[in-house]
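A.B. asks: File protein.cif below, mmCIF, C-alpha atoms:
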```
data_model
loop_
_atom_site.label_atom_id
_atom_site.label_comp_id
_atom_site.auth_asym_id
_atom_site.auth_seq_id
_atom_site.Cartn_x
_atom_site.Cartn_y
_atom_site.Cartn_z
CA MET A 5 -6.92 25.08 -19.11
CA SER A 6 -7.16 22.28 -16.60
CA ILE A 7 -5.47 18.98 -17.37
CA ALA A 8 -8.88 17.31 -17.27
CA ALA A 9 -10.08 19.68 -19.99
CA ARG A 10 -6.92 19.16 -21.98
CA LEU A 11 -7.38 15.38 -21.82
CA GLU A 12 -10.95 15.79 -23.04
CA GLN A 13 -9.76 18.06 -25.85
CA LEU A 14 -7.27 15.37 -26.88
CA GLY A 15 -9.97 12.71 -26.69
CA ILE A 16 -8.03 10.85 -24.00
CA VAL A 17 -9.99 8.73 -21.53
CA LEU A 18 -7.81 7.59 -18.67
CA PRO A 19 -7.85 3.91 -17.73
CA GLN A 20 -8.83 2.63 -14.31
CA ALA A 21 -5.78 3.08 -12.08
CA ALA A 22 -4.27 -0.37 -11.53
CA ALA A 23 -3.88 -1.51 -7.94
CA PRO A 24 -0.56 -2.95 -6.83
CA VAL A 25 -0.92 -6.28 -5.05
CA ALA A 26 1.83 -6.02 -2.48
CA SER A 27 3.45 -3.87 0.19
CA TYR A 28 4.12 -1.12 -2.26
CA GLN A 29 2.06 1.73 -3.56
CA PRO A 30 1.31 3.24 -6.96
CA LEU A 31 3.01 6.44 -5.85
CA VAL A 32 4.63 8.22 -2.94
CA VAL A 33 4.51 11.99 -2.46
CA HIS A 34 7.41 13.50 -0.56
CA GLY A 35 8.93 16.95 -0.58
CA GLY A 36 6.94 18.16 -3.56
CA LEU A 37 7.95 15.19 -5.69
CA VAL A 38 5.83 12.22 -6.69
CA HIS A 39 7.69 8.95 -7.25
CA LEU A 40 5.46 6.69 -9.33
CA SER A 41 5.87 2.93 -9.44
CA GLY A 42 6.62 1.24 -12.73
CA GLN A 43 3.36 1.09 -14.70
CA LEU A 44 2.44 -1.65 -17.16
CA PRO A 45 0.68 -1.21 -20.52
CA PHE A 46 -3.01 -2.01 -20.45
CA VAL A 47 -4.82 -1.31 -23.73
CA GLU A 48 -8.60 -1.70 -23.40
CA GLY A 49 -8.02 -3.66 -20.23
CA GLU A 50 -5.60 -6.13 -21.83
CA LEU A 51 -1.93 -6.21 -20.94
CA VAL A 52 0.34 -5.80 -23.98
CA THR A 53 2.76 -8.71 -23.73
CA GLY A 54 5.83 -9.95 -25.55
CA ARG A 55 9.16 -8.57 -26.68
CA LEU A 56 9.98 -5.84 -29.14
CA GLY A 57 11.88 -7.24 -32.07
CA ALA A 58 10.13 -10.58 -31.66
CA ASP A 59 6.40 -10.64 -30.86
CA VAL A 60 5.67 -6.91 -30.72
CA ASP A 61 6.30 -4.47 -33.57
CA LEU A 62 7.40 -0.86 -33.18
CA ALA A 63 3.92 0.65 -33.54
CA GLU A 64 2.49 -1.74 -30.94
CA GLY A 65 5.43 -0.98 -28.66
CA GLN A 66 4.79 2.74 -28.95
CA ARG A 67 1.13 2.22 -28.13
CA ALA A 68 2.21 0.13 -25.14
CA ALA A 69 4.54 2.88 -23.91
CA ARG A 70 1.74 5.40 -24.36
CA ALA A 71 -0.52 3.08 -22.34
CA CYS A 72 2.08 3.09 -19.54
CA GLY A 73 2.03 6.87 -19.70
CA LEU A 74 -1.77 6.90 -19.53
CA MET A 75 -1.56 4.70 -16.43
CA ILE A 76 0.85 7.21 -14.88
CA LEU A 77 -1.74 9.92 -15.53
CA ALA A 78 -4.48 7.66 -14.16
CA GLN A 79 -2.53 7.10 -10.95
CA LEU A 80 -1.99 10.84 -10.55
CA SER A 81 -5.69 11.43 -11.21
CA ALA A 82 -6.79 8.75 -8.74
CA HIS A 83 -4.72 10.52 -6.07
CA ASP A 84 -6.03 14.00 -6.97
CA LEU A 85 -2.59 15.08 -8.16
CA LEU A 86 -3.17 15.50 -11.89
CA GLU A 87 -4.01 19.21 -11.74
CA ARG A 88 -1.07 19.87 -9.42
CA VAL A 89 1.64 18.65 -11.82
CA ALA A 90 4.25 21.38 -12.22
CA ARG A 91 6.77 19.32 -14.17
CA VAL A 92 7.33 15.83 -15.42
CA VAL A 93 10.90 15.42 -14.16
CA LYS A 94 11.99 11.96 -15.28
CA LEU A 95 10.64 8.89 -17.03
CA GLY A 96 12.35 5.52 -16.80
CA ALA A 97 11.39 3.28 -19.71
CA PHE A 98 12.12 -0.44 -19.64
CA VAL A 99 11.46 -2.15 -22.96
CA ALA A 100 11.29 -5.96 -23.17
CA SER A 101 13.60 -6.52 -26.12
CA ALA A 102 14.91 -9.27 -28.36
CA PRO A 103 18.73 -9.12 -28.60
CA GLU A 104 18.76 -7.39 -31.99
CA PHE A 105 16.19 -4.70 -31.17
CA HIS A 106 17.81 -1.26 -30.74
CA ASP A 107 14.90 1.17 -31.06
CA GLN A 108 14.04 1.51 -27.37
CA PRO A 109 14.02 5.34 -27.68
CA LYS A 110 11.37 5.22 -30.43
CA VAL A 111 9.26 2.92 -28.25
CA ALA A 112 9.67 5.14 -25.21
CA ASN A 113 8.55 8.14 -27.29
CA GLY A 114 5.03 6.74 -26.96
CA ALA A 115 5.11 7.79 -23.31
CA SER A 116 7.22 10.91 -23.81
CA ASP A 117 5.04 12.33 -26.58
CA LEU A 118 1.96 11.81 -24.40
CA MET A 119 3.48 13.87 -21.60
CA PHE A 120 4.22 16.69 -24.03
CA GLU A 121 0.70 16.52 -25.52
CA VAL A 122 -0.93 16.70 -22.12
CA PHE A 123 1.35 19.04 -20.17
CA GLY A 124 3.07 21.04 -22.93
CA GLU A 125 6.50 22.39 -21.96
CA GLN A 126 5.95 21.18 -18.38
CA GLY A 127 5.73 17.71 -19.86
CA ARG A 128 9.31 17.74 -21.20
CA HIS A 129 11.38 15.41 -19.05
CA ALA A 130 14.67 13.64 -18.59
CA ARG A 131 14.53 9.99 -19.55
CA SER A 132 16.40 6.75 -19.59
CA ALA A 133 15.34 3.98 -21.94
CA VAL A 134 16.87 0.52 -21.80
CA GLY A 135 16.13 -2.91 -23.21
CA VAL A 136 15.50 -5.61 -20.64
CA ALA A 137 15.23 -9.36 -20.94
CA VAL A 138 11.75 -9.73 -19.51
CA LEU A 139 9.18 -7.72 -17.56
CA PRO A 140 6.51 -8.55 -14.96
CA LEU A 141 3.61 -10.60 -16.38
CA ASN A 142 5.51 -10.66 -19.71
CA ALA A 143 4.64 -6.99 -20.28
CA ALA A 144 6.18 -5.36 -23.36
CA VAL A 145 7.02 -2.06 -21.62
CA GLU A 146 7.22 -0.67 -18.10
CA VAL A 147 7.57 3.05 -17.32
CA ASP A 148 8.18 4.69 -13.93
CA ALA A 149 8.25 8.41 -13.28
CA ILE A 150 9.22 11.30 -11.07
CA VAL A 151 6.82 14.24 -11.20
CA ALA A 152 7.08 17.59 -9.42
CA LEU A 153 4.01 19.24 -7.86
CA GLY A 154 3.32 22.97 -7.91
CA MET B 11 39.65 25.77 -8.81
CA SER B 12 36.81 25.89 -11.33
CA ILE B 13 35.65 22.66 -12.87
CA ALA B 14 36.64 24.03 -16.27
CA ALA B 15 40.20 24.52 -14.99
CA ARG B 16 40.18 21.08 -13.40
CA LEU B 17 39.09 19.51 -16.70
CA GLU B 18 41.91 21.32 -18.48
CA GLN B 19 44.38 20.15 -15.83
CA LEU B 20 43.21 16.59 -16.41
CA GLY B 21 43.48 17.02 -20.16
CA ILE B 22 39.80 16.34 -20.59
CA VAL B 23 38.02 17.88 -23.58
CA LEU B 24 34.26 17.48 -23.31
CA PRO B 25 32.37 16.13 -26.30
CA GLN B 26 29.62 18.01 -28.07
CA ALA B 27 26.46 17.55 -25.97
CA ALA B 28 24.24 15.08 -27.83
CA ALA B 29 20.73 16.27 -28.67
CA PRO B 30 17.79 13.99 -27.89
CA VAL B 31 15.45 13.51 -30.82
CA ALA B 32 12.11 13.32 -29.07
CA SER B 33 9.82 14.91 -26.49
CA TYR B 34 12.39 14.52 -23.78
CA GLN B 35 15.32 16.61 -22.71
CA PRO B 36 18.94 15.97 -21.80
CA LEU B 37 18.23 17.17 -18.28
CA VAL B 38 15.61 18.70 -16.03
CA VAL B 39 16.44 21.01 -13.12
CA HIS B 40 13.98 21.00 -10.25
CA GLY B 41 14.34 21.83 -6.58
CA GLY B 42 18.12 22.05 -6.70
CA LEU B 43 18.49 18.65 -8.34
CA VAL B 44 19.39 17.90 -11.93
CA HIS B 45 17.96 14.70 -13.38
CA LEU B 46 20.03 13.77 -16.43
CA SER B 47 18.75 11.50 -19.18
CA GLY B 48 20.59 8.27 -19.91
CA GLN B 49 23.71 9.16 -21.90
CA LEU B 50 25.31 6.95 -24.53
CA PRO B 51 29.05 6.41 -25.07
CA PHE B 52 30.50 8.40 -27.95
CA VAL B 53 34.27 8.07 -28.33
CA GLU B 54 35.66 10.49 -30.94
CA GLY B 55 32.14 10.89 -32.30
CA GLU B 56 31.58 7.15 -32.73
CA LEU B 57 29.09 5.25 -30.60
CA VAL B 58 30.66 2.29 -28.76
CA THR B 59 28.39 -0.64 -29.63
CA GLY B 60 28.05 -4.27 -28.66
CA ARG B 61 27.83 -6.33 -25.49
CA LEU B 62 30.32 -6.81 -22.72
CA GLY B 63 31.40 -10.42 -22.55
CA ALA B 64 30.84 -10.81 -26.28
CA ASP B 65 31.93 -7.99 -28.61
CA VAL B 66 33.33 -5.50 -26.10
CA ASP B 67 36.13 -6.25 -23.64
CA LEU B 68 36.42 -4.86 -20.12
CA ALA B 69 38.83 -2.04 -21.01
CA GLU B 70 36.61 -0.90 -23.90
CA GLY B 71 33.59 -1.10 -21.64
CA GLN B 72 35.28 1.08 -19.04
CA ARG B 73 36.17 3.62 -21.73
CA ALA B 74 32.56 3.52 -22.87
CA ALA B 75 31.29 4.15 -19.33
CA ARG B 76 33.76 7.01 -18.99
CA ALA B 77 32.45 8.39 -22.30
CA CYS B 78 28.91 8.30 -20.86
CA GLY B 79 30.25 10.22 -17.87
CA LEU B 80 31.91 12.78 -20.15
CA MET B 81 28.57 13.23 -21.92
CA ILE B 82 26.94 13.87 -18.55
CA LEU B 83 29.53 16.59 -17.92
CA ALA B 84 29.00 17.93 -21.44
CA GLN B 85 25.26 18.20 -20.87
CA LEU B 86 25.83 20.03 -17.57
CA SER B 87 28.30 22.33 -19.31
CA ALA B 88 25.95 23.04 -22.23
CA HIS B 89 23.33 24.13 -19.70
CA ASP B 90 25.78 26.28 -17.67
CA LEU B 91 25.47 23.96 -14.69
CA LEU B 92 28.94 22.46 -14.51
CA GLU B 93 30.38 25.02 -12.07
CA ARG B 94 27.28 24.79 -9.87
CA VAL B 95 27.61 21.07 -9.11
CA ALA B 96 27.55 20.58 -5.33
CA ARG B 97 27.32 16.80 -5.35
CA VAL B 98 27.00 13.91 -7.74
CA VAL B 99 24.16 12.11 -5.96
CA LYS B 100 23.48 8.97 -8.01
CA LEU B 101 24.62 7.25 -11.18
CA GLY B 102 22.56 4.54 -12.84
CA ALA B 103 24.73 2.35 -15.07
CA PHE B 104 23.17 -0.02 -17.58
CA VAL B 105 25.68 -2.37 -19.19
CA ALA B 106 24.75 -4.36 -22.31
CA SER B 107 25.92 -7.79 -21.21
CA ALA B 108 26.28 -11.34 -22.49
CA PRO B 109 24.71 -13.82 -20.05
CA GLU B 110 28.03 -14.87 -18.50
CA PHE B 111 29.41 -11.35 -17.94
CA HIS B 112 29.36 -10.36 -14.26
CA ASP B 113 31.74 -7.40 -14.06
CA GLN B 114 29.22 -4.59 -14.50
CA PRO B 115 30.68 -2.76 -11.46
CA LYS B 116 34.15 -2.67 -13.03
CA VAL B 117 32.65 -1.30 -16.23
CA ALA B 118 30.64 1.33 -14.36
CA ASN B 119 33.80 2.43 -12.55
CA GLY B 120 34.77 4.14 -15.81
CA ALA B 121 32.05 6.70 -15.10
CA SER B 122 32.43 6.67 -11.32
CA ASP B 123 36.19 7.26 -11.37
CA LEU B 124 35.69 10.19 -13.76
CA MET B 125 33.31 11.88 -11.33
CA PHE B 126 35.84 11.49 -8.54
CA GLU B 127 38.68 12.83 -10.73
CA VAL B 128 36.69 15.88 -11.73
CA PHE B 129 34.76 16.75 -8.58
CA GLY B 130 36.83 15.12 -5.81
CA GLU B 131 34.83 14.16 -2.72
CA GLN B 132 31.76 15.91 -4.17
CA GLY B 133 32.00 13.41 -7.00
CA ARG B 134 31.42 10.38 -4.75
CA HIS B 135 27.95 9.05 -5.45
CA ALA B 136 25.48 6.27 -4.89
CA ARG B 137 25.20 3.91 -7.82
CA SER B 138 23.33 1.01 -9.28
CA ALA B 139 24.91 -1.09 -12.01
CA VAL B 140 23.00 -3.79 -13.84
CA GLY B 141 23.45 -5.90 -16.94
CA VAL B 142 20.79 -5.44 -19.59
CA ALA B 143 19.99 -7.40 -22.74
CA VAL B 144 20.35 -4.56 -25.21
CA LEU B 145 20.57 -0.76 -25.24
CA PRO B 146 19.44 1.98 -27.65
CA LEU B 147 21.33 1.97 -30.95
CA ASN B 148 23.16 -1.15 -29.71
CA ALA B 149 25.19 0.99 -27.29
CA ALA B 150 27.50 -0.88 -24.91
CA VAL B 151 26.71 1.28 -21.88
CA GLU B 152 24.14 3.87 -20.80
CA VAL B 153 24.49 6.04 -17.68
CA ASP B 154 21.93 8.40 -16.17
CA ALA B 155 22.51 10.67 -13.18
CA ILE B 156 21.11 12.79 -10.40
CA VAL B 157 23.27 15.79 -9.51
CA ALA B 158 22.72 18.37 -6.77
CA LEU B 159 23.40 22.06 -7.41
CA GLY B 160 24.93 24.42 -4.83
CA MET C 20 9.35 2.13 19.40
CA SER C 21 12.80 2.60 17.90
CA ILE C 22 13.61 0.78 14.70
CA ALA C 23 16.37 -1.07 16.55
CA ALA C 24 13.77 -2.36 19.04
CA ARG C 25 11.42 -3.24 16.19
CA LEU C 26 14.16 -5.21 14.44
CA GLU C 27 14.85 -7.09 17.68
CA GLN C 28 11.14 -7.78 18.11
CA LEU C 29 11.06 -9.20 14.58
CA GLY C 30 14.15 -11.29 15.29
CA ILE C 31 16.05 -9.52 12.52
CA VAL C 32 19.82 -9.26 12.82
CA LEU C 33 21.26 -6.92 10.24
CA PRO C 34 24.19 -8.12 8.17
CA GLN C 35 27.55 -6.37 8.07
CA ALA C 36 27.17 -3.40 5.70
CA ALA C 37 28.99 -4.32 2.49
CA ALA C 38 31.71 -1.93 1.35
CA PRO C 39 31.73 -0.79 -2.27
CA VAL C 40 35.09 -1.21 -3.96
CA ALA C 41 35.20 1.82 -6.20
CA SER C 42 34.67 5.57 -6.44
CA TYR C 43 31.10 5.27 -5.31
CA GLN C 44 29.47 5.06 -1.93
CA PRO C 45 26.80 2.93 -0.29
CA LEU C 46 24.64 6.01 0.06
CA VAL C 47 24.49 9.75 -0.41
CA VAL C 48 22.42 12.07 1.80
CA HIS C 49 21.22 15.25 0.15
CA GLY C 50 18.27 17.53 0.84
CA GLY C 51 16.64 15.16 3.30
CA LEU C 52 16.77 12.23 0.91
CA VAL C 53 19.07 9.23 1.03
CA HIS C 54 19.96 7.65 -2.30
CA LEU C 55 21.19 4.13 -1.65
CA SER C 56 23.34 2.21 -4.10
CA GLY C 57 22.09 -1.06 -5.51
CA GLN C 58 22.54 -3.71 -2.82
CA LEU C 59 23.25 -7.37 -3.49
CA PRO C 60 21.75 -10.35 -1.63
CA PHE C 61 24.05 -11.88 0.96
CA VAL C 62 22.47 -14.67 3.01
CA GLU C 63 24.72 -15.77 5.89
CA GLY C 64 27.61 -14.09 4.16
CA GLU C 65 27.08 -15.90 0.85
CA LEU C 66 25.93 -14.12 -2.28
CA VAL C 67 22.76 -15.62 -3.75
CA THR C 68 23.62 -16.17 -7.43
CA GLY C 69 21.86 -17.33 -10.57
CA ARG C 70 18.71 -16.46 -12.49
CA LEU C 71 15.09 -16.74 -11.50
CA GLY C 72 13.32 -19.20 -13.73
CA ALA C 73 16.53 -21.15 -14.19
CA ASP C 74 18.82 -21.70 -11.18
CA VAL C 75 16.86 -19.89 -8.48
CA ASP C 76 13.28 -20.67 -7.48
CA LEU C 77 10.69 -18.14 -6.37
CA ALA C 78 11.15 -18.72 -2.64
CA GLU C 79 14.93 -18.34 -2.93
CA GLY C 80 14.44 -15.23 -5.02
CA GLN C 81 12.17 -13.70 -2.40
CA ARG C 82 14.75 -14.49 0.29
CA ALA C 83 17.38 -12.87 -1.92
CA ALA C 84 15.25 -9.72 -2.34
CA ARG C 85 14.69 -9.63 1.40
CA ALA C 86 18.47 -9.93 1.87
CA CYS C 87 18.93 -6.91 -0.41
CA GLY C 88 16.43 -5.07 1.78
CA LEU C 89 18.32 -6.09 4.92
CA MET C 90 21.49 -4.72 3.35
CA ILE C 91 19.69 -1.43 2.70
CA LEU C 92 18.79 -1.32 6.40
CA ALA C 93 22.36 -2.28 7.32
CA GLN C 94 23.74 0.59 5.25
CA LEU C 95 21.34 3.02 6.88
CA SER C 96 22.29 1.66 10.31
CA ALA C 97 26.03 1.89 9.58
CA HIS C 98 25.53 5.58 8.74
CA ASP C 99 23.37 6.27 11.84
CA LEU C 100 20.34 6.95 9.66
CA LEU C 101 18.08 4.04 10.55
CA GLU C 102 16.20 5.83 13.33
CA ARG C 103 15.78 8.92 11.17
CA VAL C 104 13.83 7.22 8.36
CA ALA C 105 10.60 9.13 7.78
CA ARG C 106 9.55 7.29 4.63
CA VAL C 107 10.76 4.65 2.25
CA VAL C 108 10.09 6.53 -0.99
CA LYS C 109 11.14 4.18 -3.78
CA LEU C 110 12.67 0.76 -4.32
CA GLY C 111 14.17 -0.27 -7.62
CA ALA C 112 14.30 -4.06 -7.96
CA PHE C 113 16.38 -5.72 -10.66
CA VAL C 114 15.78 -9.44 -10.93
CA ALA C 115 18.16 -11.66 -12.93
CA SER C 116 15.64 -13.57 -15.02
CA ALA C 117 15.42 -16.37 -17.55
CA PRO C 118 13.36 -15.29 -20.59
CA GLU C 119 10.19 -17.09 -19.49
CA PHE C 120 10.18 -15.82 -15.89
CA HIS C 121 7.48 -13.18 -15.30
CA ASP C 122 7.12 -13.05 -11.51
CA GLN C 123 9.54 -10.23 -10.80
CA PRO C 124 6.91 -8.49 -8.60
CA LYS C 125 6.59 -11.55 -6.34
CA VAL C 126 10.37 -11.68 -6.01
CA ALA C 127 10.59 -7.97 -5.24
CA ASN C 128 7.94 -8.40 -2.53
CA GLY C 129 10.70 -9.96 -0.44
CA ALA C 130 12.20 -6.49 -0.08
CA SER C 131 8.89 -4.62 -0.05
CA ASP C 132 7.35 -6.74 2.70
CA LEU C 133 10.46 -6.25 4.84
CA MET C 134 10.11 -2.48 4.62
CA PHE C 135 6.49 -2.70 5.73
CA GLU C 136 7.36 -5.08 8.60
CA VAL C 137 10.08 -2.77 9.88
CA PHE C 138 8.67 0.70 9.23
CA GLY C 139 4.92 0.09 9.06
CA GLU C 140 3.00 2.61 6.94
CA GLN C 141 6.20 4.65 6.55
CA GLY C 142 7.62 1.59 4.84
CA ARG C 143 5.10 1.66 1.98
CA HIS C 144 6.92 2.81 -1.15
CA ALA C 145 6.76 3.26 -4.88
CA ARG C 146 8.60 0.55 -6.77
CA SER C 147 9.78 -0.58 -10.14
CA ALA C 148 10.63 -4.24 -10.73
CA VAL C 149 12.21 -5.46 -13.94
CA GLY C 150 13.89 -8.60 -15.20
CA VAL C 151 17.49 -8.15 -16.31
CA ALA C 152 19.84 -10.42 -18.20
CA VAL C 153 22.57 -10.57 -15.60
CA LEU C 154 23.69 -8.76 -12.44
CA PRO C 155 27.05 -7.96 -10.84
CA LEU C 156 28.87 -11.06 -9.54
CA ASN C 157 26.00 -13.16 -10.98
CA ALA C 158 23.71 -11.96 -8.17
CA ALA C 159 20.08 -13.08 -8.37
CA VAL C 160 18.64 -9.73 -7.29
CA GLU C 161 19.78 -6.12 -6.83
CA VAL C 162 17.72 -3.46 -5.06
CA ASP C 163 18.41 0.26 -4.79
CA ALA C 164 16.38 2.75 -2.78
CA ILE C 165 15.41 6.33 -2.06
CA VAL C 166 14.58 7.02 1.58
CA ALA C 167 13.37 10.26 3.17
CA LEU C 168 14.72 11.39 6.55
CA GLY C 169 12.63 13.10 9.21
#
```
Rewrite the structure from the file as structure tokens, please.

C.D. replies:
Amino acid sequence: MSIAARLEQLGIVLPQAAAPVASYQPLVVHGGLVHLSGQLPFVEGELVTGRLGADVDLAEGQRAARACGLMILAQLSAHDLLERVARVVKLGAFVASAPEFHDQPKVANGASDLMFEVFGEQGRHARSAVGVAVLPLNAAVEVDAIVALG
Amino acid sequence: MSIAARLEQLGIVLPQAAAPVASYQPLVVHGGLVHLSGQLPFVEGELVTGRLGADVDLAEGQRAARACGLMILAQLSAHDLLERVARVVKLGAFVASAPEFHDQPKVANGASDLMFEVFGEQGRHARSAVGVAVLPLNAAVEVDAIVALG
Amino acid sequence: MSIAARLEQLGIVLPQAAAPVASYQPLVVHGGLVHLSGQLPFVEGELVTGRLGADVDLAEGQRAARACGLMILAQLSAHDLLERVARVVKLGAFVASAPEFHDQPKVANGASDLMFEVFGEQGRHARSAVGVAVLPLNAAVEVDAIVALG
């Protein structure tokens, strides 16, 4: 089954791929690997802002991380790479966190679970998840990725 | 000398490789590189928690970073990759830090020195070390890695 | 045109490549990729310190990020790799940030724009930019990189 068909089966509609506004790119392909820039969480076109443990609860944080994952898929799709994914190699999840919030892994699962839903075993990846003070545009979550092409 | 023999010579007993509890994996092998997930510091089965510059002093922080490094070795060992390490390419060290704590590099040396002890010149790596607000489960340090196989 | 000639044309003099003081290296070359350690911002030999949104304004932060980028070029030059750069693949920008500062991308552009100035299209890269609580030696910015060799 193609990834496009799988997305349809899952009822997933990818967002518009966000354009970076600087001398960097959404992704770079080199040597069979795609390095994707950190993606921010847009849900229905609105950026999810605030910090986990303060303004954003766990469920919202997970949706935000999933939205970052959807944007990763959207970037791959916009560059005609979605059907060529052989393996999701690594996700880096940065979670804007209040000092007492320790559930960054549960938040990051929003993105990780999406990769498994969409790509199956090829979607299982290495990951780091950390809590940061603040993210661009006050985003709640940012996720970057390394993906291998077949 | 095998790495197993070298570990024994150094008196190092690897911990039990920790299992991730989500749709991610401890490591992914692709194209001769191993991307390892961020590892947390377990010392005698107990997670080292708290922030450097507040609850955790420099020596404890270095032990914690070393424990993250030992977990990296344990993950490689659990996947039968330890003897195939050709080069430790990169370590990413995230240090939970109070605002006035600036010695993240000294903390990260706990992991870096371990790699040099165990692998010699092949253990010399590139590294980034940053201070973050908070880490999963309130861990004091998290270290991820890229390792090349021979 | 060689990169050395391009730097001269741009009026850029590279700083002295900073030496790491531990069991890690400024960079590791493996499989055609260079992984560069996180570089700190030295401007005329002085480290730029403090947090964006508190002690450091946006223009200073951008200069600091550019200085990190110059140090990346200096490290490549010191290892005779500057003329072999085929692509800047990824920059990771860590910006020491007060809680209300959300312009990490604008800060990171200081490094990103430099790569485009020096390498042209080959300088366009993927990027993540996050706000962290505190950096080594109280640095304002830290940037690490992955660069492909031709």

A.B. asks: To one decimal place, how far is CA of His106 (chain A) from CA of Pro36 (chain B) in Å?

C.D. replies: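 Going from CA of His106 (chain A) over to CA of Pro36 (chain B) covers 19.4 Å.
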
A.B. asks: As number ranges by chain, please: the residues near Leu133 (chain C) (cut-off 9 Å, all atoms listed in the file, same-chain neighbours under 5 positions excluded).

C.D. replies: A: 27; C: 85, 88-89, 128, 138, 142

A.B. asks: Quote the spacing between CA of Asp90 (chain B) and CA of Val53 (chain B) in Å to one decimal place.

C.D. replies: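 Distance reported for this atom pair: 22.7 Å.
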
A.B. asks: Exactly which residues make up the result of the PyMOL selection byres ((chain A) within 6 of (chain C)) on this file, given as a PyMOL selection string?

C.D. replies: chain A and resi 27-32+40-42+136-142

A.B. asks: So, with all atoms listed in the file as the atoms that count, which of B:Leu57, B:Met11, B:Ala150, B:Leu86 lies closest to Val117 (chain B)?

C.D. replies: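 Checking each of B:Leu57, B:Met11, B:Ala150, B:Leu86 against Val117 (chain B), counting all atoms listed in the file, the winner is B:Ala150.
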
A.B. asks: Go through A:His34, A:Phe98, A:Gly54, A:Ala21 and flag the residue nearest Leu153 (chain A), using only C-alpha atoms for the distances.

C.D. replies: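 Once distances to Leu153 (chain A) are computed over only C-alpha atoms, the minimum belongs to A:His34.
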
A.B. asks: Rounded to one decimal place, report the CA of Ile22 (chain C)-CA of Val48 (chain C) distance in Å.

C.D. replies: 19.3 Å
